[in-house]
Structure formats: C-alpha cells, structure tokens
$ cat final-v6.txt   # compact mmCIF, C-alpha atoms
# COMPACT_ATOMS: atom_id res chain seq x y z
CA MET L 25 138.78 134.92 61.13
CA PRO L 26 138.33 132.67 64.21
CA LEU L 27 138.90 134.14 67.63
CA THR L 28 141.75 133.03 69.87
CA ALA L 29 141.55 133.45 73.62
CA THR L 30 143.59 133.49 76.84
CA ARG L 31 141.89 132.97 80.18
CA ILE L 32 143.46 134.69 83.20
CA THR L 33 142.75 133.66 86.80
CA ALA L 34 143.92 135.31 90.03
CA ASP L 35 142.31 133.96 93.20
CA THR L 36 138.55 134.21 92.43
CA ALA L 37 138.92 136.75 89.58
CA THR L 38 138.70 135.63 85.95
CA VAL L 39 139.16 137.51 82.68
CA THR L 40 139.20 136.29 79.08
CA VAL L 41 141.21 138.14 76.43
CA ALA L 42 139.97 137.31 72.92
CA SER L 43 141.22 138.43 69.53
CA GLN L 44 141.44 137.47 65.88
CA MET L 45 145.20 137.95 66.24
CA GLU L 46 147.14 135.28 68.11
CA GLU L 47 149.79 137.90 68.90
CA VAL L 48 147.33 139.64 71.23
CA THR L 49 146.29 136.57 73.22
CA ASP L 50 149.86 135.23 73.24
CA TRP L 51 150.98 138.56 74.72
CA SER L 52 148.52 138.26 77.65
CA ARG L 53 149.48 134.64 78.24
CA ARG L 54 153.15 135.62 78.36
CA TYR L 55 152.50 138.68 80.51
CA PHE L 56 150.36 137.04 83.19
CA GLY L 57 151.60 133.46 83.09
CA PRO L 58 154.63 133.84 85.40
CA TRP L 59 152.57 135.33 88.28
CA TRP L 60 148.91 134.49 87.64
CA ASN L 61 147.31 131.53 85.88
CA ALA L 62 147.03 132.33 82.16
CA THR L 63 146.12 129.56 79.73
CA THR L 64 144.80 129.10 76.21
CA ALA L 65 141.00 129.04 76.34
CA LYS L 66 138.02 128.46 74.13
CA ALA L 67 137.07 131.76 72.54
CA PRO L 68 133.74 133.23 73.69
CA SER L 69 130.95 133.42 71.16
CA GLY L 70 129.76 136.90 70.28
CA GLU L 71 130.60 139.89 72.46
CA ARG L 72 128.87 139.00 75.70
CA ILE L 73 130.43 139.04 79.14
CA ALA L 74 131.31 135.60 80.41
CA GLU L 75 128.43 133.99 82.26
CA ASP L 76 130.66 133.15 85.24
CA GLY L 77 130.79 136.85 86.19
CA GLY L 78 134.33 137.40 84.98
CA GLY L 79 135.56 140.01 82.55
CA LEU L 80 135.99 139.98 78.79
CA VAL L 81 138.44 141.96 76.64
CA LEU L 82 138.02 141.89 72.86
CA ALA L 83 141.05 143.43 71.13
CA ASP L 84 141.87 143.73 67.43
CA VAL L 85 143.35 145.95 64.75
CA ASP L 86 140.32 147.75 63.31
CA THR L 87 140.90 151.29 62.06
CA ASP L 88 137.29 151.76 60.92
CA ARG L 89 135.87 151.04 64.36
CA MET L 90 138.60 153.15 65.95
CA GLU L 91 137.53 156.13 63.83
CA ASP L 92 133.86 155.44 64.64
CA ILE L 93 134.59 155.72 68.37
CA HIS L 94 136.59 158.91 67.78
CA THR L 95 133.61 160.34 65.91
CA LEU L 96 131.30 159.46 68.81
CA LEU L 97 133.57 161.37 71.19
CA ARG L 98 133.50 164.44 68.98
CA ASP L 99 129.70 164.24 68.81
CA TYR L 100 129.16 163.62 72.54
CA GLY L 101 131.90 165.86 73.87
CA PHE L 102 134.70 164.55 76.07
CA ALA L 103 136.93 165.16 79.06
CA GLU L 104 140.71 164.86 78.84
CA THR L 105 142.88 162.95 81.31
CA THR L 106 146.09 160.90 81.49
CA TYR L 107 145.85 157.12 81.59
CA ALA L 108 148.90 154.83 81.51
CA ASN L 109 151.06 157.91 80.85
CA ALA L 110 149.11 158.73 77.69
CA ARG L 111 146.74 161.58 76.79
CA THR L 112 143.24 160.09 76.87
CA LEU L 113 139.87 161.49 75.76
CA VAL L 114 136.87 160.08 77.63
CA SER L 115 133.09 160.30 77.16
CA ARG L 116 130.24 158.45 78.91
CA GLN L 117 126.78 157.89 77.48
CA ASP L 118 124.03 155.64 78.87
CA GLY L 119 126.43 153.77 81.13
CA ILE L 120 128.96 153.08 78.37
CA THR L 121 132.45 154.60 78.38
CA TYR L 122 134.14 155.58 75.13
CA ALA L 123 137.81 156.56 75.15
CA VAL L 124 140.51 157.40 72.62
CA GLN L 125 144.29 157.71 73.02
CA PRO L 126 145.17 159.74 69.91
CA ASP L 127 148.94 159.39 70.10
CA GLU L 128 148.76 155.61 70.61
CA ARG L 129 146.05 155.27 67.93
CA LEU L 130 143.83 153.28 70.28
CA ALA L 131 140.11 153.43 71.03
CA TYR L 132 138.01 151.79 73.75
CA HIS L 133 134.34 150.88 74.27
CA ALA L 134 133.66 149.70 77.84
CA ASP L 135 130.34 148.36 79.09
CA ARG L 136 130.81 147.20 82.68
CA ARG L 137 133.19 144.20 82.55
CA HIS L 138 133.09 143.94 78.77
CA ILE L 139 135.76 146.05 77.04
CA VAL L 140 136.49 146.39 73.33
CA ILE L 141 139.90 147.71 72.27
CA VAL L 142 140.69 148.62 68.67
CA GLY L 143 143.75 150.20 67.16
CA GLU L 144 145.97 150.71 64.16
CA HIS L 145 148.87 148.40 65.07
CA CYS L 146 149.04 145.01 66.76
CA GLU L 147 151.59 145.70 69.51
CA PRO L 148 149.83 148.72 71.10
CA VAL L 149 146.57 146.75 70.99
CA ALA L 150 148.22 143.79 72.73
CA VAL L 151 149.75 146.04 75.42
CA ALA L 152 146.40 147.75 76.03
CA ALA L 153 144.54 144.41 76.16
CA ALA L 154 146.87 143.11 78.89
CA ARG L 155 146.57 146.37 80.83
CA LEU L 156 142.76 146.33 80.76
CA ALA L 157 142.64 142.63 81.58
CA ARG L 158 144.62 143.45 84.71
CA GLU L 159 142.21 146.29 85.50
CA LEU L 160 139.29 143.87 85.26
CA VAL L 161 141.07 141.47 87.60
CA ARG L 162 141.73 144.34 89.99
CA ALA L 163 138.05 145.32 89.97
CA GLN L 164 136.98 141.80 90.90
CA LEU L 165 139.63 141.39 93.61
CA LEU L 166 138.78 144.75 95.19
CA ALA L 167 135.13 143.70 95.30
CA ASP L 168 136.27 140.50 97.05
CA GLY L 169 138.08 142.34 99.84
CA TRP L 170 141.58 142.79 98.40
CA THR L 171 143.58 146.04 98.55
CA VAL L 172 146.43 147.24 96.31
CA LEU L 173 149.56 148.33 98.21
CA HIS L 174 152.47 150.39 96.88
CA ALA L 175 155.03 147.74 97.83
CA SER L 176 157.55 145.25 96.56
CA ALA L 177 157.63 141.74 97.98
CA ALA L 178 160.26 139.03 98.40
CA VAL L 179 159.34 135.56 99.68
CA LYS L 180 161.12 132.90 101.71
CA ASP L 181 159.41 129.63 102.70
CA GLY L 182 156.00 131.05 101.80
CA ARG L 183 156.40 134.17 103.98
CA THR L 184 156.91 137.58 102.44
CA VAL L 185 158.57 140.78 103.54
CA LEU L 186 156.74 143.79 102.09
CA THR L 187 158.85 146.85 101.29
CA LEU L 188 156.95 150.13 101.26
CA GLY L 189 157.78 153.73 100.50
CA ASP L 190 157.41 156.52 97.98
CA LYS L 191 158.99 156.47 94.53
CA GLY L 192 162.75 156.18 94.84
CA ALA L 193 162.62 154.84 98.40
CA GLY L 194 164.30 151.55 97.45
CA LYS L 195 161.39 149.12 96.97
CA THR L 196 162.77 147.58 93.76
CA THR L 197 166.34 147.63 95.10
CA THR L 198 165.29 145.71 98.22
CA ALA L 199 163.28 143.09 96.35
CA LEU L 200 165.97 142.57 93.69
CA LEU L 201 168.82 142.24 96.20
CA LEU L 202 166.87 139.70 98.26
CA ALA L 203 165.91 137.80 95.10
CA ARG L 204 169.61 137.67 94.16
CA GLN L 205 170.17 135.92 97.51
CA GLY L 206 167.74 133.11 96.79
CA TRP L 207 164.48 134.70 97.88
CA GLU L 208 161.53 134.51 95.49
CA LEU L 209 160.30 137.72 93.87
CA LEU L 210 156.57 138.27 94.24
CA ALA L 211 156.34 141.90 93.05
CA ASN L 212 158.57 144.90 92.46
CA ASP L 213 156.14 147.82 92.89
CA ARG L 214 152.58 146.77 93.78
CA VAL L 215 150.83 143.86 95.49
CA PHE L 216 147.32 142.74 96.31
CA ALA L 217 146.82 142.04 100.03
CA ARG L 218 143.87 140.82 102.09
CA THR L 219 143.28 139.97 105.74
CA GLU L 220 142.12 136.37 106.09
CA ALA L 221 139.77 134.83 108.66
CA ASP L 222 142.70 133.76 110.85
CA SER L 223 144.04 137.38 110.85
CA SER L 224 146.94 136.49 108.57
CA VAL L 225 147.55 138.69 105.52
CA LYS L 226 147.60 136.94 102.16
CA VAL L 227 149.57 138.59 99.35
CA LEU L 228 149.24 138.18 95.56
CA PRO L 229 151.40 139.69 92.81
CA TRP L 230 150.45 142.60 90.56
CA PRO L 231 151.93 141.61 87.18
CA SER L 232 153.62 144.51 85.43
CA ALA L 233 156.71 145.41 83.46
CA ALA L 234 159.52 145.58 86.03
CA ALA L 235 161.53 148.81 85.89
CA ILE L 236 165.14 148.26 87.04
CA GLY L 237 167.60 151.12 86.68
CA LEU L 238 170.85 150.88 84.72
CA GLY L 239 172.87 151.67 87.84
CA LEU L 240 171.14 148.94 89.86
CA LEU L 241 171.66 146.40 87.08
CA ASP L 242 175.34 147.31 87.05
CA ALA L 243 175.71 147.20 90.84
CA THR L 244 174.12 143.74 91.03
CA GLY L 245 176.22 142.28 88.20
CA LEU L 246 173.25 141.89 85.87
CA TYR L 247 174.04 144.62 83.33
CA ASP L 248 176.32 142.62 81.03
CA GLN L 249 173.91 139.71 80.55
CA VAL L 250 171.05 142.12 79.82
CA ARG L 251 173.14 144.03 77.29
CA GLU L 252 174.24 140.79 75.63
CA ARG L 253 170.62 139.81 74.99
CA VAL L 254 169.74 143.28 73.67
CA LEU L 255 172.74 143.21 71.30
CA ALA L 256 171.55 139.78 70.10
CA GLY L 257 168.27 141.37 69.02
CA GLU L 258 166.00 140.35 71.91
CA GLN L 259 163.42 142.92 72.98
CA LEU L 260 162.53 144.36 76.36
CA HIS L 261 159.03 145.68 77.10
CA PRO L 262 157.87 148.29 74.53
CA THR L 263 157.05 150.86 77.22
CA GLN L 264 160.81 151.27 77.67
CA HIS L 265 162.06 154.66 76.49
CA PRO L 266 164.13 154.42 73.26
CA SER L 267 167.03 156.25 74.91
CA VAL L 268 167.38 153.37 77.38
CA THR L 269 167.64 150.86 74.54
CA LYS L 270 170.32 153.03 72.93
CA ALA L 271 172.21 153.25 76.23
CA LEU L 272 172.27 149.46 76.46
CA HIS L 273 173.54 149.21 72.88
CA ASP L 274 176.23 151.78 73.64
CA GLY L 275 177.26 150.12 76.90
CA ARG L 276 176.37 153.10 79.09
CA ARG L 277 175.69 152.17 82.71
CA ALA L 278 175.02 155.48 84.45
CA PRO L 279 171.42 156.22 85.51
CA MET L 280 169.37 158.27 83.02
CA TRP L 281 166.82 160.91 83.91
CA LYS L 282 163.90 162.76 82.34
CA PRO L 283 163.86 166.57 82.67
CA SER L 284 161.09 166.03 85.26
CA GLY L 285 163.57 164.14 87.46
CA LYS L 286 162.07 160.69 86.86
CA GLU L 287 164.64 157.98 86.18
CA LEU L 288 164.49 156.20 82.81
CA LYS L 289 164.91 152.46 83.34
CA PRO L 290 164.98 149.21 81.37
CA GLN L 291 161.52 147.61 81.41
CA PHE L 292 161.39 143.82 81.73
CA PHE L 293 158.52 141.51 80.87
CA PRO L 294 157.59 139.39 83.92
CA ASP L 295 159.00 136.23 82.30
CA GLN L 296 162.32 138.00 81.60
CA LEU L 297 162.90 138.31 85.34
CA SER L 298 163.44 134.54 85.20
CA THR L 299 164.90 134.01 81.73
CA TRP L 300 167.17 137.09 81.62
CA LEU L 301 167.95 137.74 85.29
CA GLY L 302 167.74 134.23 86.73
CA LEU L 303 165.25 135.14 89.47
CA THR L 304 162.60 132.80 90.90
CA LEU L 305 159.06 134.19 91.00
CA ALA L 306 156.46 133.54 93.70
CA THR L 307 152.71 133.43 93.03
CA GLN L 308 151.43 134.07 96.57
CA ALA L 309 152.61 134.33 100.17
CA THR L 310 151.66 135.29 103.71
CA ALA L 311 152.94 138.62 105.02
CA ALA L 312 155.60 138.27 107.72
CA GLY L 313 156.68 141.88 108.19
CA LEU L 314 157.41 145.28 106.69
CA LEU L 315 160.52 147.15 105.58
CA PHE L 316 160.68 150.92 105.11
CA PRO L 317 163.94 151.81 103.33
CA THR L 318 165.46 155.16 102.50
CA VAL L 319 168.32 155.52 100.00
CA THR L 320 171.18 157.98 100.49
CA ALA L 321 174.08 157.45 98.10
CA THR L 322 176.94 158.06 100.52
CA ALA L 323 175.37 156.62 103.68
CA SER L 324 176.39 153.48 105.52
CA PRO L 325 173.55 150.93 105.42
CA VAL L 326 172.05 150.72 108.90
CA LEU L 327 168.81 150.09 110.78
CA LEU L 328 167.07 153.31 111.79
CA ASP L 329 165.45 153.98 115.12
CA ASP L 330 162.08 155.28 114.02
CA ASP L 331 158.55 153.92 114.08
CA ARG L 332 157.45 154.44 110.50
CA ALA L 333 153.87 153.27 109.97
CA LEU L 334 151.73 152.77 106.88
CA THR L 335 150.33 155.97 105.40
CA GLU L 336 147.71 156.84 102.80
CA SER L 337 150.40 156.90 100.11
CA ASP L 338 151.12 153.20 100.75
CA VAL L 339 147.58 152.21 99.70
CA PHE L 340 146.25 152.71 96.19
CA THR L 341 142.76 154.19 96.20
CA ARG L 342 140.80 156.28 93.73
CA THR L 343 142.45 159.39 95.17
CA THR L 344 146.04 158.08 95.30
CA GLU L 345 146.13 156.06 92.05
CA ASP L 346 148.37 157.89 89.59
CA ARG L 347 149.03 155.77 86.49
CA TYR L 348 145.72 153.92 86.12
CA PRO L 349 142.78 156.14 87.15
CA ASP L 350 139.46 154.34 86.92
CA ILE L 351 138.31 155.96 83.68
CA PHE L 352 136.22 152.89 82.77
CA GLN L 353 134.41 152.90 86.15
CA LEU L 354 135.35 149.32 86.98
CA THR L 355 136.35 149.48 90.64
CA PRO L 356 134.16 149.88 93.75
CA ALA L 357 133.70 153.44 94.98
CA ALA L 358 135.10 152.54 98.42
CA ASN L 359 137.23 149.79 99.91
CA PRO L 360 136.15 149.17 103.52
CA ALA L 361 138.65 146.31 103.83
CA ALA L 362 141.63 148.67 103.51
CA ALA L 363 141.39 150.00 107.07
CA GLU L 364 141.38 146.50 108.56
CA LEU L 365 144.34 145.53 106.37
CA VAL L 366 146.39 148.57 107.42
CA ASP L 367 145.63 147.81 111.07
CA GLN L 368 146.66 144.17 110.70
CA LEU L 369 149.87 145.01 108.83
CA GLY L 370 150.70 147.50 111.57
CA ARG L 371 150.82 144.60 114.04
CA LEU L 372 153.56 142.81 112.08
CA PRO L 373 157.29 143.30 112.73
CA HIS L 374 158.60 146.31 110.83
CA ARG L 375 162.00 147.88 110.34
CA SER L 376 163.23 151.16 108.88
CA LEU L 377 166.57 151.07 107.08
CA MET L 378 169.05 153.44 105.49
CA LEU L 379 170.44 152.05 102.23
CA SER L 380 173.27 153.36 100.07
CA HIS L 381 174.60 152.74 96.55
CA ASP L 382 176.84 149.95 97.88
CA ALA L 383 175.03 146.81 96.71
CA ASP L 384 177.11 144.41 98.84
CA ALA L 385 176.60 146.38 102.05
CA ASN L 386 172.88 146.79 101.28
CA THR L 387 172.54 143.06 100.65
CA ALA L 388 174.19 142.14 103.95
CA LEU L 389 171.85 144.39 105.94
CA LEU L 390 168.71 143.42 104.02
CA THR L 391 169.22 139.67 104.21
CA LYS L 392 169.92 139.75 107.95
CA THR L 393 166.93 142.01 108.63
CA ALA L 394 164.55 140.04 106.40
CA ASP L 395 165.73 136.72 107.84
CA ASP L 396 165.13 138.02 111.35
CA ILE L 397 161.60 139.13 110.44
CA THR L 398 160.59 135.87 108.76
CA ALA L 399 162.07 133.85 111.64
CA ASP L 400 159.85 135.61 114.21
$ encode --input "final-v6.txt" --output "structure tokens"
Amino acid sequence: MPLTATRITADTATVTVASQMEEVTDWSRRYFGPWWNATTAKAPSGERIAEDGGGLVLADVDTDRMEDIHTLLRDYGFAETTYANARTLVSRQDGITYAVQPDERLAYHADRRHIVIVGEHCEPVAVAAARLARELVRAQLLADGWTVLHASAAVKDGRTVLTLGDKGAGKTTTALLLARQGWELLANDRVFARTEADSSVKVLPWPSAAAIGLGLLDATGLYDQVRERVLAGEQLHPTQHPSVTKALHDGRRAPMWKPSGKELKPQFFPDQLSTWLGLTLATQATAAGLLFPTVTATASPVLLDDDRALTESDVFTRTTEDRYPDIFQLTPAANPAAAELVDQLGRLPHRSLMLSHDADANTALLTKTADDITAD
C-alpha cells in the first residue's frame, strides 16, 4: 500500500509522520494543525530520516513486527518505566532503542530521529505517532535554544500572559476564563519559550489534549454544549477516562477524582477548543508578564502581596519531566538557555492571585490584572 504523510513544522523544527493508513496521518494533521503548521506531504521513500535534518515517524498496524520487537526485548533484557501514563519496557542496543507498551499493544524502534511505531489497532498507533512527532519537535526546539515551561498562556494583541504553578494551581482556569473574554488561547498546560536577541521572550504552543474539569465547564457555561455533542455521538480525545464520558452522558457536573486524588477531566482535541468551545487559538506571542494563581474554594478573589518567582518546578527538564521521560534519548542532556530565560522572565511584571470557585469573580480579577500587565 502507498504511504501517506503529514509534515509538521514549528519554528525551525520539522517532522514527517508517514503511514499506510490515512487515519494515522489525518490524526497528526488534526492534532497539530490548530497550533503548529501541519499539512499533507509527499511520503518519504524508504525508512530514512529526512535529509533536511528533521524527524521521521513511521506508524502502522503490524502485529508481526510488534511481536518481533517484544522478542528482542526478552532476548536483550529490559528496564521498566512509565511513559505517557503507561507501563513501558525499554532496551537499548548499539544506539537503537526498543520499547514495548504491553497494555496498549504498541512497540517502538527508535534510531536517533527516526522512529517506527507498530501496534495492533489503528487508534493507539495514531495517538502514539502524534505523541512521538511532538517529542521529535521538542528535541529540535530544545537544541535550538527553546525551553518548555509548565504554564498556560492567553494572548491579547500578540502579547501573552503566562500562568505558572503546580498542578491544581489554576493554570487552565486562568487561560480558559481569559479566552472566554476574547483573549486567544495559546496553551493550557505547557509552552515553549526562548529569549530573543532583543531580550524579548517568544512563546510557542505545546499542542496537547486539553484537560478541562467538569466543574469548570459548568461554571463557565460550557458544560451543556459539550454534553450535547457527546450525546450526538461525537468523540472527545481517547485518553479521556471512560467514567468521564459516562458522567457527560448522565448529565453529572460535579468534579470526579481518582483514588490518588487526581481529578478526572474531559479531554479535548486542540481543534475542539475552537469547534466545541468557541475559543480562538494563537500560534505564537511575546511574553508580557506572569501570573501565579492559587485556588481556594471559599476565598474572595484578590491580588496577593508576595513576590513569587519562577522555580525549578516551572521548567521541564530531564529531572522534572513526569509524563514524557526521554526514553528514546532524543533531547539534549542539558539546556543552558533555561537559566537565561528564567532570568529574563523574572524581569517581567508578575502578579500573585487568590482565585475561588466563583467564575464571575475570578474573571473580573483576571481580566483587569492581565489587561494591566499587557498595557505596561
């Protein structure tokens, strides 16, 4: 069968996803198109890395090759880790990484920027192909001086307010509430950032499924339109827990939690942020300032008088990355540009805020604070 291909471009980084199944390349085009440049491309010949120095992902349903890789791991021996929330077996031989995710029925063969993904079913293969394409983009951007921040970003007139904090601090809440007020959404959890020659900080999106809690959807008036689409048979991102889909079918709006304390949330494709939620997406911006929110359910939203600064947890490195450890050895061992970026961001206006579960009061405080920052 002939190969189909999608070419992905973000700044100077390029990756081609190729497959015999159009569903796989269509998935990557849909996933990256709203935030990066993803277009139909001429399929590469053979299994060689693109001559322009970019990355190549070859992804197909192929159970025989999947079992061959699993056999190699048993022969070589392997280490066990967690990658993308899945149990993953990893072995390295002669510079090549072999990996298997038994529960997902996926296998990987990675040789520098050339990655082969094979599996038993089309959808998990397509999801994995998009994930690894993004990892190849990340590797190239990091090598070109970019850094990944644990932040959401909302944009007005080309200037973005970055919202930073640990899980549950209010990053998604802040970005969504600003986007509901006419700001553009650039990212809900991670961004790429780089200090430019003129000392400005350029920001690019990190495409991913956007996790927005049931309670936040309800508070912002978005729950009913999401539920209507789900009842009509439309699908959210497959990484969404089945219990969340059932809650939407049943009309339940209260937040849901895992026994570990992690909230279970609806997971939106990037394009669904526009088509389902009516938000406008931004593809790049210049950093104008920083917000550091804290959420307390019964509090009154207010500016706080503290001088919160960026910390190690705000920057994703090999030691702080949790969901996507570099098991395929794609990224540079160190990122010397991160220190300069943190220093430059520290010079921008920054505000700490207390938010509550009152969406209207939160919105009033956030819009005034963000407008003040971008007007400076």
$ closest_atom_pairs --input "final-v6.txt" --of "region 51-103 of chain L" --to "region 245-268 of chain L" --cutoff "12 Å" --atoms "all atoms listed in the file" --output "JSON lines"
{"residue": "L:Trp51", "atom": "CA", "partner": "L:His261", "partner_atom": "CA", "distance": 11.0}
{"residue": "L:Arg54", "atom": "CA", "partner": "L:His261", "partner_atom": "CA", "distance": 11.7}
{"residue": "L:Tyr55", "atom": "CA", "partner": "L:His261", "partner_atom": "CA", "distance": 10.2}
$ closest_residue --input "final-v6.txt" --among "L:Arg137, L:Ser43, L:Pro349, L:Ile236" --to "Asn109 (chain L)" --atoms "only C-alpha atoms"
L:Pro349
$ closest_residue --input "final-v6.txt" --among "L:Phe56, L:Ala311, L:Val39, L:Thr387" --to "Ser224 (chain L)" --atoms "only C-alpha atoms"
L:Ala311
$ residues_around --input "final-v6.txt" --residues "Gln205 (chain L)" --least-positions-apart "4" --cutoff "12 Å" --atoms "all atoms listed in the file" --output "PyMOL selection string"
chain L and resi 178-180+198-201+209+244+302-304+383-384+386-388+390-392+394-395
$ write_last_selection --input "final-v6.txt" --atoms "C-alpha atoms" --output "PDB file, in the frame of the given file"
ATOM      1  CA  ALA L 178     160.260 139.030  98.400  1.00  0.00           C
ATOM      2  CA  VAL L 179     159.340 135.560  99.680  1.00  0.00           C
ATOM      3  CA  LYS L 180     161.120 132.900 101.710  1.00  0.00           C
ATOM      4  CA  THR L 198     165.290 145.710  98.220  1.00  0.00           C
ATOM      5  CA  ALA L 199     163.280 143.090  96.350  1.00  0.00           C
ATOM      6  CA  LEU L 200     165.970 142.570  93.690  1.00  0.00           C
ATOM      7  CA  LEU L 201     168.820 142.240  96.200  1.00  0.00           C
ATOM      8  CA  LEU L 209     160.300 137.720  93.870  1.00  0.00           C
ATOM      9  CA  THR L 244     174.120 143.740  91.030  1.00  0.00           C
ATOM     10  CA  GLY L 302     167.740 134.230  86.730  1.00  0.00           C
ATOM     11  CA  LEU L 303     165.250 135.140  89.470  1.00  0.00           C
ATOM     12  CA  THR L 304     162.600 132.800  90.900  1.00  0.00           C
ATOM     13  CA  ALA L 383     175.030 146.810  96.710  1.00  0.00           C
ATOM     14  CA  ASP L 384     177.110 144.410  98.840  1.00  0.00           C
ATOM     15  CA  ASN L 386     172.880 146.790 101.280  1.00  0.00           C
ATOM     16  CA  THR L 387     172.540 143.060 100.650  1.00  0.00           C
ATOM     17  CA  ALA L 388     174.190 142.140 103.950  1.00  0.00           C
ATOM     18  CA  LEU L 390     168.710 143.420 104.020  1.00  0.00           C
ATOM     19  CA  THR L 391     169.220 139.670 104.210  1.00  0.00           C
ATOM     20  CA  LYS L 392     169.920 139.750 107.950  1.00  0.00           C
ATOM     21  CA  ALA L 394     164.550 140.040 106.400  1.00  0.00           C
ATOM     22  CA  ASP L 395     165.730 136.720 107.840  1.00  0.00           C
TER      23      ASP L 395
END
$ closest_residue --input "final-v6.txt" --among "L:Gly79, L:Pro231, L:Gly143, L:Gly275" --to "Val48 (chain L)" --atoms "only C-alpha atoms"
L:Gly143
$ closest_residue --input "final-v6.txt" --among "L:His381, L:Arg89, L:Arg183, L:Lys195" --to "Glu208 (chain L)" --atoms "all atoms listed in the file"
L:Arg183
$ atom_distance --input "final-v6.txt" --atom1 "CA of Leu210 (chain L)" --atom2 "CA of Leu315 (chain L)"
14.9 Å
$ axis_aligned_box --input "final-v6.txt" --around "region 315-321 of chain L" --padding-each-side "8 Å" --output "AutoDock Vina command-line options"
--center_x 167.3 --center_y 152.6 --center_z 101.8 --size_x 29.6 --size_y 26.8 --size_z 23.5
$ closest_residue --input "final-v6.txt" --among "L:Val161, L:Ala361, L:Ala312, L:Leu272" --to "Ile397 (chain L)" --atoms "all atoms listed in the file"
L:Ala312
$ closest_residue --input "final-v6.txt" --among "L:Val319, L:Val185, L:Phe340, L:Tyr348" --to "Ala399 (chain L)" --atoms "all atoms listed in the file"
L:Val185
$ atom_distance --input "final-v6.txt" --atom1 "CA of Met378 (chain L)" --atom2 "CA of Thr322 (chain L)"
10.4 Å
$ atom_distance --input "final-v6.txt" --atom1 "CA of Ala153 (chain L)" --atom2 "CA of Thr197 (chain L)"
29.1 Å
$ residues_around --input "final-v6.txt" --residues "Thr355 (chain L)" --least-positions-apart "4" --cutoff "9 Å" --atoms "only C-alpha atoms" --output "NGL selection string"
:L and (159-160 or 162-164 or 166-167 or 342 or 350)
$ residues_near_point --input "final-v6.txt" --point "(138.8, 135.9, 83.3)" --cutoff "8 Å" --atoms "only C-alpha atoms" --output "ChimeraX atom specification"
/L:31-33,37-41,78-80,157,161
$ residues_around --input "final-v6.txt" --residues "Val140 (chain L)" --least-positions-apart "2" --cutoff "8 Å" --atoms "all atoms listed in the file" --output "JSON, numbers by chain"
{"L": [81, 82, 83, 132, 133, 134, 138, 142]}
